[in-house]
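So this block is query14.txt, compact mmCIF, C-alpha atoms:
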```
# COMPACT_ATOMS: atom_id res chain seq x y z
CA MET A 1 -13.33 20.11 -12.82
CA ARG A 2 -12.57 16.44 -12.18
CA ARG A 3 -9.86 15.74 -9.64
CA ALA A 4 -7.08 13.22 -10.09
CA VAL A 5 -4.18 11.95 -8.00
CA VAL A 6 -0.91 11.87 -9.96
CA LEU A 7 2.09 9.94 -8.64
CA LEU A 8 5.08 12.23 -9.11
CA SER A 9 8.67 11.18 -8.50
CA GLY A 10 10.56 14.09 -10.02
CA GLY A 11 11.58 11.98 -13.02
CA LEU A 12 10.85 12.54 -16.69
CA ASP A 13 8.09 9.95 -16.89
CA SER A 14 5.92 11.09 -14.00
CA ALA A 15 6.33 14.77 -14.92
CA THR A 16 5.08 13.91 -18.42
CA VAL A 17 2.11 12.09 -16.90
CA LEU A 18 1.26 15.16 -14.80
CA ALA A 19 1.39 17.41 -17.90
CA TRP A 20 -0.76 14.89 -19.80
CA MET A 21 -3.39 14.74 -17.06
CA ARG A 22 -3.49 18.56 -16.94
CA ARG A 23 -4.10 18.63 -20.71
CA GLU A 24 -6.88 16.07 -20.23
CA GLY A 25 -8.54 18.65 -18.00
CA PHE A 26 -7.97 17.21 -14.55
CA ALA A 27 -7.33 19.22 -11.40
CA CYS A 28 -4.20 17.30 -10.36
CA HIS A 29 -3.17 16.46 -6.81
CA ALA A 30 0.45 15.34 -7.00
CA LEU A 31 1.70 12.70 -4.56
CA SER A 32 5.33 11.85 -3.78
CA PHE A 33 6.92 9.62 -1.17
CA ARG A 34 9.79 9.85 1.23
CA TYR A 35 10.49 6.15 1.38
CA GLY A 36 14.08 5.89 2.50
CA GLN A 37 15.41 6.39 -1.00
CA ARG A 38 19.16 6.97 -1.33
CA HIS A 39 18.68 10.55 -2.47
CA SER A 40 16.09 13.14 -1.48
CA VAL A 41 16.95 15.58 -4.28
CA GLU A 42 14.19 13.93 -6.33
CA LEU A 43 11.60 15.24 -3.85
CA ALA A 44 12.84 18.80 -4.37
CA ARG A 45 12.48 18.29 -8.11
CA ALA A 46 9.01 16.81 -7.68
CA LYS A 47 7.92 19.90 -5.74
CA GLU A 48 9.34 22.21 -8.37
CA LEU A 49 7.68 20.27 -11.21
CA ALA A 50 4.31 20.17 -9.43
CA GLY A 51 4.41 23.96 -9.30
CA VAL A 52 5.61 24.51 -12.87
CA LEU A 53 3.11 22.05 -14.32
CA GLY A 54 0.13 23.46 -12.44
CA ALA A 55 -0.77 20.83 -9.86
CA VAL A 56 -3.44 21.98 -7.38
CA GLU A 57 -1.34 20.63 -4.53
CA HIS A 58 1.67 18.44 -3.84
CA ARG A 59 1.80 16.11 -0.87
CA VAL A 60 4.70 14.02 0.33
CA ALA A 61 3.74 10.91 2.29
CA GLU A 62 6.26 9.36 4.64
CA ILE A 63 6.60 5.61 4.41
CA ASP A 64 9.31 3.42 5.77
CA LEU A 65 10.31 0.85 3.18
CA ARG A 66 13.79 0.60 4.68
CA ALA A 67 12.25 -1.44 7.49
CA PHE A 68 12.06 -4.29 4.99
CA GLY A 69 15.31 -3.68 3.06
CA GLY A 70 15.74 -5.68 -0.08
CA SER A 71 16.56 -3.08 -2.75
CA ALA A 72 19.52 -1.11 -4.04
CA LEU A 73 17.30 1.98 -4.02
CA THR A 74 16.71 1.79 -0.27
CA ALA A 75 19.44 -0.38 1.26
CA ASP A 76 23.18 -0.83 1.13
CA ILE A 77 23.28 -2.65 -2.17
CA ALA A 78 25.20 -0.95 -4.98
CA VAL A 79 23.21 0.46 -7.91
CA PRO A 80 24.40 -1.44 -11.02
CA LYS A 81 26.29 0.67 -13.52
CA ASP A 82 27.08 0.49 -17.24
CA ARG A 83 24.86 -2.48 -18.04
CA ASP A 84 24.04 -2.85 -21.71
CA GLU A 85 20.46 -2.65 -22.93
CA SER A 86 20.01 -6.38 -23.31
CA ALA A 87 21.05 -6.88 -19.66
CA ILE A 88 18.61 -4.16 -18.58
CA ALA A 89 15.80 -5.85 -20.50
CA ARG A 90 16.47 -9.21 -18.81
CA GLY A 91 15.07 -10.10 -15.39
CA VAL A 92 14.28 -8.06 -12.30
CA PRO A 93 17.26 -5.88 -11.22
CA VAL A 94 18.47 -5.19 -7.68
CA THR A 95 17.02 -1.69 -7.89
CA TYR A 96 13.56 -3.27 -7.73
CA VAL A 97 11.86 -2.16 -4.50
CA PRO A 98 9.58 -4.96 -3.28
CA ALA A 99 5.94 -4.10 -3.89
CA ARG A 100 6.76 -0.41 -4.35
CA ASN A 101 4.16 0.42 -6.97
CA THR A 102 1.57 -1.61 -5.05
CA ILE A 103 2.29 0.55 -1.99
CA PHE A 104 2.38 3.80 -3.99
CA LEU A 105 -0.93 3.02 -5.70
CA ALA A 106 -2.50 1.99 -2.37
CA PHE A 107 -1.61 5.41 -0.94
CA ALA A 108 -2.86 7.12 -4.09
CA LEU A 109 -6.12 5.23 -3.67
CA ALA A 110 -6.48 6.40 -0.06
CA TYR A 111 -5.77 9.99 -1.13
CA ALA A 112 -8.19 9.80 -4.07
CA GLU A 113 -10.96 8.39 -1.92
CA THR A 114 -10.66 11.19 0.64
CA LEU A 115 -10.66 13.77 -2.20
CA GLY A 116 -13.68 12.20 -3.87
CA ALA A 117 -11.54 11.58 -6.94
CA SER A 118 -11.82 8.45 -9.03
CA ASP A 119 -8.82 8.97 -11.30
CA ILE A 120 -5.22 8.04 -10.52
CA ALA A 121 -2.27 8.42 -12.90
CA ILE A 122 1.12 6.69 -12.85
CA GLY A 123 4.07 6.82 -15.24
CA VAL A 124 4.64 3.12 -15.77
CA ASN A 125 5.93 2.00 -19.12
CA ALA A 126 6.23 -1.49 -20.51
CA ILE A 127 8.60 -0.81 -23.42
CA ASP A 128 11.86 0.82 -22.35
CA TYR A 129 11.60 -0.08 -18.70
CA SER A 130 13.81 -1.59 -16.06
CA GLY A 131 12.14 -4.99 -15.84
CA TYR A 132 10.06 -4.30 -12.74
CA PRO A 133 7.02 -6.61 -12.56
CA ASP A 134 4.85 -3.84 -11.13
CA CYS A 135 5.13 -1.77 -14.31
CA ARG A 136 3.29 -4.24 -16.54
CA PRO A 137 -0.19 -3.60 -17.96
CA GLU A 138 -1.60 -6.74 -16.30
CA PHE A 139 -0.44 -5.42 -12.91
CA ILE A 140 -2.16 -2.08 -13.52
CA ALA A 141 -5.37 -3.78 -14.66
CA ALA A 142 -5.33 -5.95 -11.52
CA PHE A 143 -4.85 -2.88 -9.33
CA GLU A 144 -7.73 -1.05 -11.02
CA ARG A 145 -9.96 -4.03 -10.34
CA LEU A 146 -8.78 -4.16 -6.71
CA ALA A 147 -9.41 -0.42 -6.25
CA ASN A 148 -13.05 -0.84 -7.16
CA LEU A 149 -13.47 -3.64 -4.62
CA ALA A 150 -11.46 -1.93 -1.86
CA THR A 151 -13.38 1.29 -1.51
CA ARG A 152 -16.69 2.91 -0.75
CA ALA A 153 -17.00 3.66 -4.47
CA GLY A 154 -16.89 -0.06 -5.12
CA THR A 155 -19.69 -0.81 -2.67
CA GLU A 156 -21.86 2.30 -2.66
CA GLY A 157 -21.86 3.18 -6.35
CA GLY A 158 -20.30 6.32 -7.77
CA SER A 159 -17.72 6.58 -10.52
CA PRO A 160 -15.44 3.58 -10.78
CA PHE A 161 -11.74 4.12 -10.21
CA ARG A 162 -9.57 4.39 -13.26
CA ILE A 163 -5.77 4.06 -13.33
CA HIS A 164 -4.34 6.19 -16.15
CA THR A 165 -1.05 5.03 -17.69
CA PRO A 166 -0.51 7.34 -20.68
CA LEU A 167 3.10 6.19 -21.16
CA GLN A 168 2.32 2.48 -21.11
CA GLU A 169 2.90 1.84 -24.82
CA LEU A 170 5.49 4.53 -25.56
CA SER A 171 9.18 4.01 -26.18
CA LYS A 172 11.54 6.24 -24.17
CA ALA A 173 11.97 8.33 -27.33
CA GLY A 174 8.18 8.64 -27.55
CA ILE A 175 8.07 9.82 -23.93
CA VAL A 176 10.73 12.46 -24.66
CA ARG A 177 8.72 13.71 -27.64
CA LEU A 178 5.48 13.78 -25.63
CA ALA A 179 7.21 15.62 -22.78
CA LEU A 180 8.46 18.33 -25.13
CA GLU A 181 5.07 18.61 -26.85
CA LEU A 182 3.43 19.11 -23.43
CA GLY A 183 5.94 21.74 -22.33
CA VAL A 184 7.58 19.69 -19.58
CA PRO A 185 10.85 21.34 -18.48
CA VAL A 186 12.79 18.14 -19.16
CA GLY A 187 16.05 19.67 -17.94
CA ARG A 188 14.53 19.91 -14.45
CA THR A 189 13.49 16.25 -14.33
CA LEU A 190 15.75 13.73 -12.65
CA SER A 191 15.71 10.09 -13.79
CA CYS A 192 18.95 8.86 -12.18
CA TYR A 193 18.94 6.14 -9.49
CA ASP A 194 22.18 7.42 -7.97
CA PRO A 195 22.56 11.19 -8.42
CA SER A 196 25.01 13.42 -6.57
CA PRO A 197 23.54 15.38 -3.63
CA ASP A 198 23.14 18.45 -5.87
CA GLY A 199 21.10 16.44 -8.40
CA ALA A 200 23.66 15.68 -11.09
CA PRO A 201 22.88 12.32 -12.75
CA CYS A 202 25.50 9.55 -12.51
CA ALA A 203 25.16 8.79 -16.25
CA HIS A 204 25.85 5.07 -15.69
CA CYS A 205 22.80 3.51 -13.99
CA ASP A 206 20.01 1.77 -15.90
CA ALA A 207 17.76 4.84 -15.67
CA CYS A 208 20.46 7.14 -17.08
CA ILE A 209 21.19 4.66 -19.87
CA LEU A 210 17.52 4.35 -20.84
CA ARG A 211 17.10 8.13 -20.71
CA ARG A 212 20.15 8.71 -22.92
CA LYS A 213 18.82 6.17 -25.42
CA GLY A 214 15.45 7.93 -25.44
CA PHE A 215 16.88 11.37 -26.12
CA ALA A 216 19.22 9.98 -28.78
CA GLU A 217 16.40 8.21 -30.59
CA ALA A 218 14.19 11.29 -30.34
CA ARG A 219 17.13 13.33 -31.73
CA VAL A 220 16.81 15.82 -28.88
CA GLU A 221 19.58 17.16 -26.69
CA ASP A 222 19.14 16.42 -22.95
CA ARG A 223 20.22 19.62 -21.22
CA MET B 1 9.79 -24.09 8.25
CA ARG B 2 7.71 -21.93 5.94
CA ARG B 3 7.65 -18.25 6.77
CA ALA B 4 4.53 -16.12 6.81
CA VAL B 5 3.75 -12.46 7.42
CA VAL B 6 0.82 -11.99 9.81
CA LEU B 7 -0.92 -8.62 10.14
CA LEU B 8 -1.36 -8.04 13.86
CA SER B 9 -3.34 -5.15 15.33
CA GLY B 10 -3.59 -6.19 18.96
CA GLY B 11 -7.25 -7.08 18.56
CA LEU B 12 -8.95 -10.42 19.10
CA ASP B 13 -9.22 -11.26 15.42
CA SER B 14 -5.61 -10.77 14.37
CA ALA B 15 -4.30 -12.48 17.52
CA THR B 16 -6.45 -15.48 16.63
CA VAL B 17 -5.06 -15.46 13.10
CA LEU B 18 -1.50 -15.46 14.46
CA ALA B 19 -2.27 -18.44 16.71
CA TRP B 20 -3.93 -20.23 13.77
CA MET B 21 -0.94 -19.67 11.48
CA ARG B 22 1.40 -20.95 14.20
CA ARG B 23 -0.72 -24.11 14.47
CA GLU B 24 -0.51 -24.47 10.70
CA GLY B 25 3.24 -24.69 11.17
CA PHE B 26 4.37 -21.30 9.90
CA ALA B 27 7.27 -19.28 11.29
CA CYS B 28 5.31 -16.06 11.76
CA HIS B 29 6.63 -12.54 11.22
CA ALA B 30 4.09 -10.20 12.79
CA LEU B 31 3.54 -6.78 11.26
CA SER B 32 1.77 -3.81 12.89
CA PHE B 33 1.41 -0.20 11.84
CA ARG B 34 1.68 3.16 13.49
CA TYR B 35 -0.72 4.95 11.18
CA GLY B 36 -1.90 7.94 13.15
CA GLN B 37 -4.54 5.93 14.96
CA ARG B 38 -6.27 7.66 17.89
CA HIS B 39 -4.74 5.32 20.40
CA SER B 40 -1.33 3.65 20.47
CA VAL B 41 -2.13 1.25 23.31
CA GLU B 42 -3.06 -1.30 20.63
CA LEU B 43 0.58 -1.41 19.50
CA ALA B 44 1.70 -2.30 23.01
CA ARG B 45 -0.85 -5.11 23.03
CA ALA B 46 0.29 -6.28 19.59
CA LYS B 47 3.88 -6.53 20.84
CA GLU B 48 2.79 -8.47 23.91
CA LEU B 49 0.63 -10.86 21.85
CA ALA B 50 3.39 -11.45 19.29
CA GLY B 51 5.62 -12.60 22.14
CA VAL B 52 3.03 -14.74 23.91
CA LEU B 53 1.89 -16.40 20.69
CA GLY B 54 5.40 -17.23 19.49
CA ALA B 55 6.00 -14.93 16.53
CA VAL B 56 9.59 -15.03 15.22
CA GLU B 57 9.65 -11.25 15.13
CA HIS B 58 7.34 -8.24 15.36
CA ARG B 59 7.86 -5.17 13.24
CA VAL B 60 6.00 -1.88 13.39
CA ALA B 61 5.95 0.09 10.14
CA GLU B 62 5.35 3.82 10.27
CA ILE B 63 2.86 5.13 7.75
CA ASP B 64 1.14 8.45 7.68
CA LEU B 65 -2.51 8.01 6.84
CA ARG B 66 -3.39 11.21 8.69
CA ALA B 67 -1.96 13.11 5.71
CA PHE B 68 -5.15 12.17 3.88
CA GLY B 69 -7.65 12.39 6.77
CA GLY B 70 -11.09 11.00 6.09
CA SER B 71 -11.72 8.60 9.00
CA ALA B 72 -12.90 8.67 12.59
CA LEU B 73 -10.01 6.34 13.43
CA THR B 74 -7.37 8.85 12.28
CA ALA B 75 -8.98 12.29 12.20
CA ASP B 76 -11.16 14.53 14.32
CA ILE B 77 -14.42 12.76 13.59
CA ALA B 78 -16.23 11.21 16.57
CA VAL B 79 -16.34 7.41 16.80
CA PRO B 80 -20.06 6.44 16.67
CA LYS B 81 -21.40 4.93 19.88
CA ASP B 82 -24.29 2.69 20.88
CA ARG B 83 -25.45 1.84 17.36
CA ASP B 84 -27.65 -1.23 17.14
CA GLU B 85 -26.55 -4.26 15.14
CA SER B 86 -28.74 -3.50 12.15
CA ALA B 87 -27.18 -0.03 11.89
CA ILE B 88 -23.70 -1.57 12.12
CA ALA B 89 -24.54 -4.00 9.34
CA ARG B 90 -25.70 -1.19 7.03
CA GLY B 91 -23.29 0.82 4.89
CA VAL B 92 -19.71 1.93 5.39
CA PRO B 93 -19.22 3.70 8.76
CA VAL B 94 -17.10 6.78 9.49
CA THR B 95 -14.49 4.59 11.16
CA TYR B 96 -13.62 3.25 7.70
CA VAL B 97 -10.05 4.27 6.89
CA PRO B 98 -9.73 4.82 3.13
CA ALA B 99 -7.84 1.97 1.49
CA ARG B 100 -6.41 0.82 4.83
CA ASN B 101 -6.34 -2.90 4.18
CA THR B 102 -4.99 -2.28 0.67
CA ILE B 103 -2.11 -0.34 2.23
CA PHE B 104 -1.56 -2.89 5.02
CA LEU B 105 -1.51 -5.80 2.56
CA ALA B 106 0.82 -3.88 0.24
CA PHE B 107 3.30 -3.49 3.10
CA ALA B 108 2.86 -7.13 4.07
CA LEU B 109 3.64 -8.06 0.48
CA ALA B 110 6.85 -6.00 0.51
CA TYR B 111 7.87 -7.61 3.80
CA ALA B 112 7.03 -11.11 2.56
CA GLU B 113 8.98 -10.64 -0.64
CA THR B 114 12.11 -9.54 1.21
CA LEU B 115 11.75 -12.54 3.58
CA GLY B 116 11.26 -14.96 0.72
CA ALA B 117 7.83 -15.78 2.16
CA SER B 118 4.80 -16.41 0.00
CA ASP B 119 2.15 -16.54 2.73
CA ILE B 120 0.35 -13.57 4.27
CA ALA B 121 -2.43 -13.74 6.86
CA ILE B 122 -5.06 -11.17 7.78
CA GLY B 123 -7.99 -11.28 10.20
CA VAL B 124 -10.76 -10.07 7.90
CA ASN B 125 -14.20 -11.41 8.48
CA ALA B 126 -17.28 -11.06 6.32
CA ILE B 127 -19.96 -12.08 8.83
CA ASP B 128 -19.94 -9.97 12.01
CA TYR B 129 -17.94 -7.11 10.58
CA SER B 130 -18.17 -3.35 10.46
CA GLY B 131 -19.18 -2.99 6.81
CA TYR B 132 -15.74 -2.14 5.45
CA PRO B 133 -15.46 -2.95 1.73
CA ASP B 134 -11.87 -4.10 2.14
CA CYS B 135 -12.87 -7.01 4.39
CA ARG B 136 -14.84 -8.88 1.74
CA PRO B 137 -13.69 -12.16 0.15
CA GLU B 138 -13.73 -10.64 -3.35
CA PHE B 139 -11.33 -7.93 -2.18
CA ILE B 140 -8.95 -10.52 -0.73
CA ALA B 141 -9.11 -12.63 -3.90
CA ALA B 142 -8.33 -9.54 -6.00
CA PHE B 143 -5.36 -8.71 -3.77
CA GLU B 144 -3.99 -12.24 -4.02
CA ARG B 145 -4.17 -11.99 -7.80
CA LEU B 146 -2.47 -8.60 -7.70
CA ALA B 147 0.30 -9.90 -5.43
CA ASN B 148 1.25 -12.53 -7.97
CA LEU B 149 1.51 -9.93 -10.73
CA ALA B 150 3.30 -7.32 -8.61
CA THR B 151 6.34 -9.27 -7.54
CA ARG B 152 9.38 -11.20 -8.64
CA ALA B 153 7.54 -14.36 -7.69
CA GLY B 154 4.94 -13.50 -10.28
CA THR B 155 7.49 -13.06 -13.05
CA GLU B 156 10.34 -15.37 -12.15
CA GLY B 157 8.46 -18.40 -10.88
CA GLY B 158 8.56 -19.62 -7.30
CA SER B 159 5.64 -20.27 -4.99
CA PRO B 160 2.62 -18.11 -5.69
CA PHE B 161 1.48 -15.74 -2.95
CA ARG B 162 -1.41 -16.83 -0.85
CA ILE B 163 -3.50 -14.59 1.43
CA HIS B 164 -4.81 -16.60 4.38
CA THR B 165 -8.09 -15.43 5.93
CA PRO B 166 -8.98 -18.14 8.47
CA LEU B 167 -11.73 -16.00 10.06
CA GLN B 168 -13.46 -15.13 6.79
CA GLU B 169 -16.53 -17.32 7.29
CA LEU B 170 -16.72 -17.31 11.10
CA SER B 171 -19.25 -15.48 13.24
CA LYS B 172 -17.83 -13.41 16.08
CA ALA B 173 -18.88 -16.22 18.44
CA GLY B 174 -16.98 -18.66 16.23
CA ILE B 175 -13.89 -16.46 16.45
CA VAL B 176 -14.15 -16.36 20.25
CA ARG B 177 -14.37 -20.17 20.35
CA LEU B 178 -11.43 -20.56 17.96
CA ALA B 179 -9.36 -18.08 19.99
CA LEU B 180 -9.94 -20.05 23.19
CA GLU B 181 -9.23 -23.37 21.46
CA LEU B 182 -5.91 -21.96 20.21
CA GLY B 183 -4.90 -20.60 23.61
CA VAL B 184 -5.11 -16.92 22.72
CA PRO B 185 -5.04 -14.80 25.91
CA VAL B 186 -8.28 -13.08 24.90
CA GLY B 187 -8.22 -10.81 27.95
CA ARG B 188 -5.06 -9.17 26.58
CA THR B 189 -6.59 -8.43 23.16
CA LEU B 190 -8.07 -5.00 22.51
CA SER B 191 -10.88 -4.61 19.98
CA CYS B 192 -12.15 -1.14 20.92
CA TYR B 193 -11.97 1.80 18.46
CA ASP B 194 -11.83 4.33 21.28
CA PRO B 195 -10.12 2.93 24.39
CA SER B 196 -8.85 4.95 27.33
CA PRO B 197 -5.07 5.60 27.34
CA ASP B 198 -4.57 2.64 29.72
CA GLY B 199 -6.36 0.30 27.32
CA ALA B 200 -9.83 0.05 28.86
CA PRO B 201 -12.45 -0.50 26.15
CA CYS B 202 -15.19 2.16 25.77
CA ALA B 203 -17.90 -0.55 25.60
CA HIS B 204 -20.03 1.54 23.22
CA CYS B 205 -18.33 1.60 19.78
CA ASP B 206 -19.20 -0.83 16.99
CA ALA B 207 -16.16 -3.00 17.75
CA CYS B 208 -17.07 -3.29 21.44
CA ILE B 209 -20.69 -4.09 20.55
CA LEU B 210 -19.69 -6.82 18.08
CA ARG B 211 -17.21 -8.27 20.56
CA ARG B 212 -19.81 -8.35 23.35
CA LYS B 213 -22.27 -10.09 21.01
CA GLY B 214 -19.60 -12.67 20.11
CA PHE B 215 -18.76 -13.54 23.70
CA ALA B 216 -22.45 -13.69 24.64
CA GLU B 217 -23.27 -16.04 21.77
CA ALA B 218 -20.25 -18.19 22.58
CA ARG B 219 -21.40 -18.21 26.23
CA VAL B 220 -17.98 -17.15 27.40
CA GLU B 221 -17.12 -14.39 29.83
CA ASP B 222 -14.90 -11.63 28.38
CA ARG B 223 -12.46 -10.83 31.17
```

Kindly present the structure from the file in structure tokens form.
Amino acid sequence: MRRAVVLLSGGLDSATVLAWMRREGFACHALSFRYGQRHSVELARAKELAGVLGAVEHRVAEIDLRAFGGSALTADIAVPKDRDESAIARGVPVTYVPARNTIFLAFALAYAETLGASDIAIGVNAIDYSGYPDCRPEFIAAFERLANLATRAGTEGGSPFRIHTPLQELSKAGIVRLALELGVPVGRTLSCYDPSPDGAPCAHCDACILRRKGFAEARVEDR
Amino acid sequence: MRRAVVLLSGGLDSATVLAWMRREGFACHALSFRYGQRHSVELARAKELAGVLGAVEHRVAEIDLRAFGGSALTADIAVPKDRDESAIARGVPVTYVPARNTIFLAFALAYAETLGASDIAIGVNAIDYSGYPDCRPEFIAAFERLANLATRAGTEGGSPFRIHTPLQELSKAGIVRLALELGVPVGRTLSCYDPSPDGAPCAHCDACILRRKGFAEARVEDR
């Protein structure tokens, strides 16, 4: 059975990616990060989802992004609330964490190489997304190219690395439909940037707004 | 004064890069990592060198590469000793840390973006090196391309990121000469993969062998 590393945040998107990779037949090693985020409840959800969705293992890597500051997700900058969709679609918001996906994928690459895996999956999406540059297809393609130059696999032969992005071309409604089709317990996923300590979503941040839009368009109730 | 992030390990190469970037006129922010390496004496040397060579600041980021194992530098695999130069030049050795430079550069990118810097420097070298894939020029070029897609700078204009590798085409002897020309206190740099706790080099690992060769060819005594 081929092994894969799946980046898992505890949100709807990454849980759907994990379920998709399982259906593709991969033995999935889920990877989450404790990176100084405002809330750690998402890590509890990630662990729960890794178990429910049949990951082989779930690791949490500690990294200290707070040392650099610069984001509402890690520093003392307020998470923006109640922005309309056109504002969300415009520009890079303050919730952007500098180089976050570059760092996450770099760790996933290290993990994959030690496992002997050449497949990595990430829940980026270029349609209903928050305007982060490191979610775009050209970023992912550049990382895939880098991965094959950075590693033993790139110099000593073996399978080339592949970065799987099954959500890349889906709308948020499409992700909701795919999640339900794959049996993801969507009610246990947490998309919010600013939840309460017990995991209740704020309902007003960009992530909550995009999620609500997705469920509405998919005509599904978000329990 | 333009700001730059300089990766600084405490070794001869990265200290030389810091001195070179200072001469180029950059305000240098030195960045080191506590990554589960066998010895932490190199971090003490990095701090000392950052001060002596005039860095604006020196930060140490904590990352946990031991979670993934897979290298003699971070796990319980013996560091190879007394290999001849042809063996060193052949293949990827067990001291290779999976995806290490990818991770280090990803952190440097995050730090640079929060500083508003677009210059990053790293002491990779493709001549007298240990056979790590992530030291090659094509890897660095791929990372530079990635950096410009990963960040605000890549989507909202501004100066493009540049990865400086002033040692790329130098022999180890050339690095020794450059270090002395730039006033690097070479006796305070530590290249060894397996030093004693007080910082004495083992004299038998690949890094010690390459360093000895460099000083011999440069006809300089390594104090």

- request: Could you tell me which of B:Tyr193, B:Phe68, B:Phe26, B:Phe215 comes closest to Leu115 of chain A if we count all atoms listed in the file?
  value: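 That would be B:Phe68, the residue with the smallest distance to Leu115 of chain A.
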
Could you give me, as a PDB file with C-alpha atoms, in the frame of the given file, the residues within 9 Å of Asp119 of chain B, counting all atoms listed in the file and dropping anything in the same chain fewer than 5 positions from it?
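The resulting around-v7.pdb:
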```
ATOM      1  CA  ARG B   2       7.710 -21.930   5.940  1.00  0.00           C
ATOM      2  CA  ARG B   3       7.650 -18.250   6.770  1.00  0.00           C
ATOM      3  CA  ALA B   4       4.530 -16.120   6.810  1.00  0.00           C
ATOM      4  CA  VAL B   5       3.750 -12.460   7.420  1.00  0.00           C
ATOM      5  CA  VAL B   6       0.820 -11.990   9.810  1.00  0.00           C
ATOM      6  CA  PHE B  26       4.370 -21.300   9.900  1.00  0.00           C
ATOM      7  CA  LEU B 109       3.640  -8.060   0.480  1.00  0.00           C
ATOM      8  CA  ALA B 112       7.030 -11.110   2.560  1.00  0.00           C
ATOM      9  CA  PRO B 160       2.620 -18.110  -5.690  1.00  0.00           C
ATOM     10  CA  PHE B 161       1.480 -15.740  -2.950  1.00  0.00           C
ATOM     11  CA  ARG B 162      -1.410 -16.830  -0.850  1.00  0.00           C
ATOM     12  CA  ILE B 163      -3.500 -14.590   1.430  1.00  0.00           C
ATOM     13  CA  HIS B 164      -4.810 -16.600   4.380  1.00  0.00           C
TER      14      HIS B 164
END
```

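Between atom CA of Lys213 of chain A and atom CA of Glu138 of chain A the separation is 25.8 Å.
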
- request: In Å, rounded to a single decimal, give me how far atom CA of Val97 of chain B is from atom CA of Leu146 of chain B.
  value: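 Between atom CA of Leu146 of chain B and atom CA of Val97 of chain B the gap works out to 20.9 Å.
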
task: For each of A:Arg136, A:Arg211, A:Arg223, A:His204, take the minimum atom-to-atom distance to chain B, counting only C-alpha atoms, then give the residue where this is smallest.
output: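 Using only C-alpha atoms, chain B sits closest to A:Arg136.
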
- prompt: Contacts of Ala50 of chain A at 7 Å or less, counting only C-alpha atoms, minus same-chain residues fewer than 5 places along, as an MDAnalysis selection string?
  reply: chainID A and resid 30 55 58

message: For a quick check of understanding, using all atoms listed in the file, which of A:Leu8, A:Met1, A:Trp20, A:Arg34 has the smallest distance to chain B?
response: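 Smallest separation from chain B among the options: A:Arg34.
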
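Of the listed residues B:Ala99, B:Met21, B:Leu12, B:Ala121, the one whose atoms come nearest to chain A is B:Ala99, with distances taken using all atoms listed in the file.
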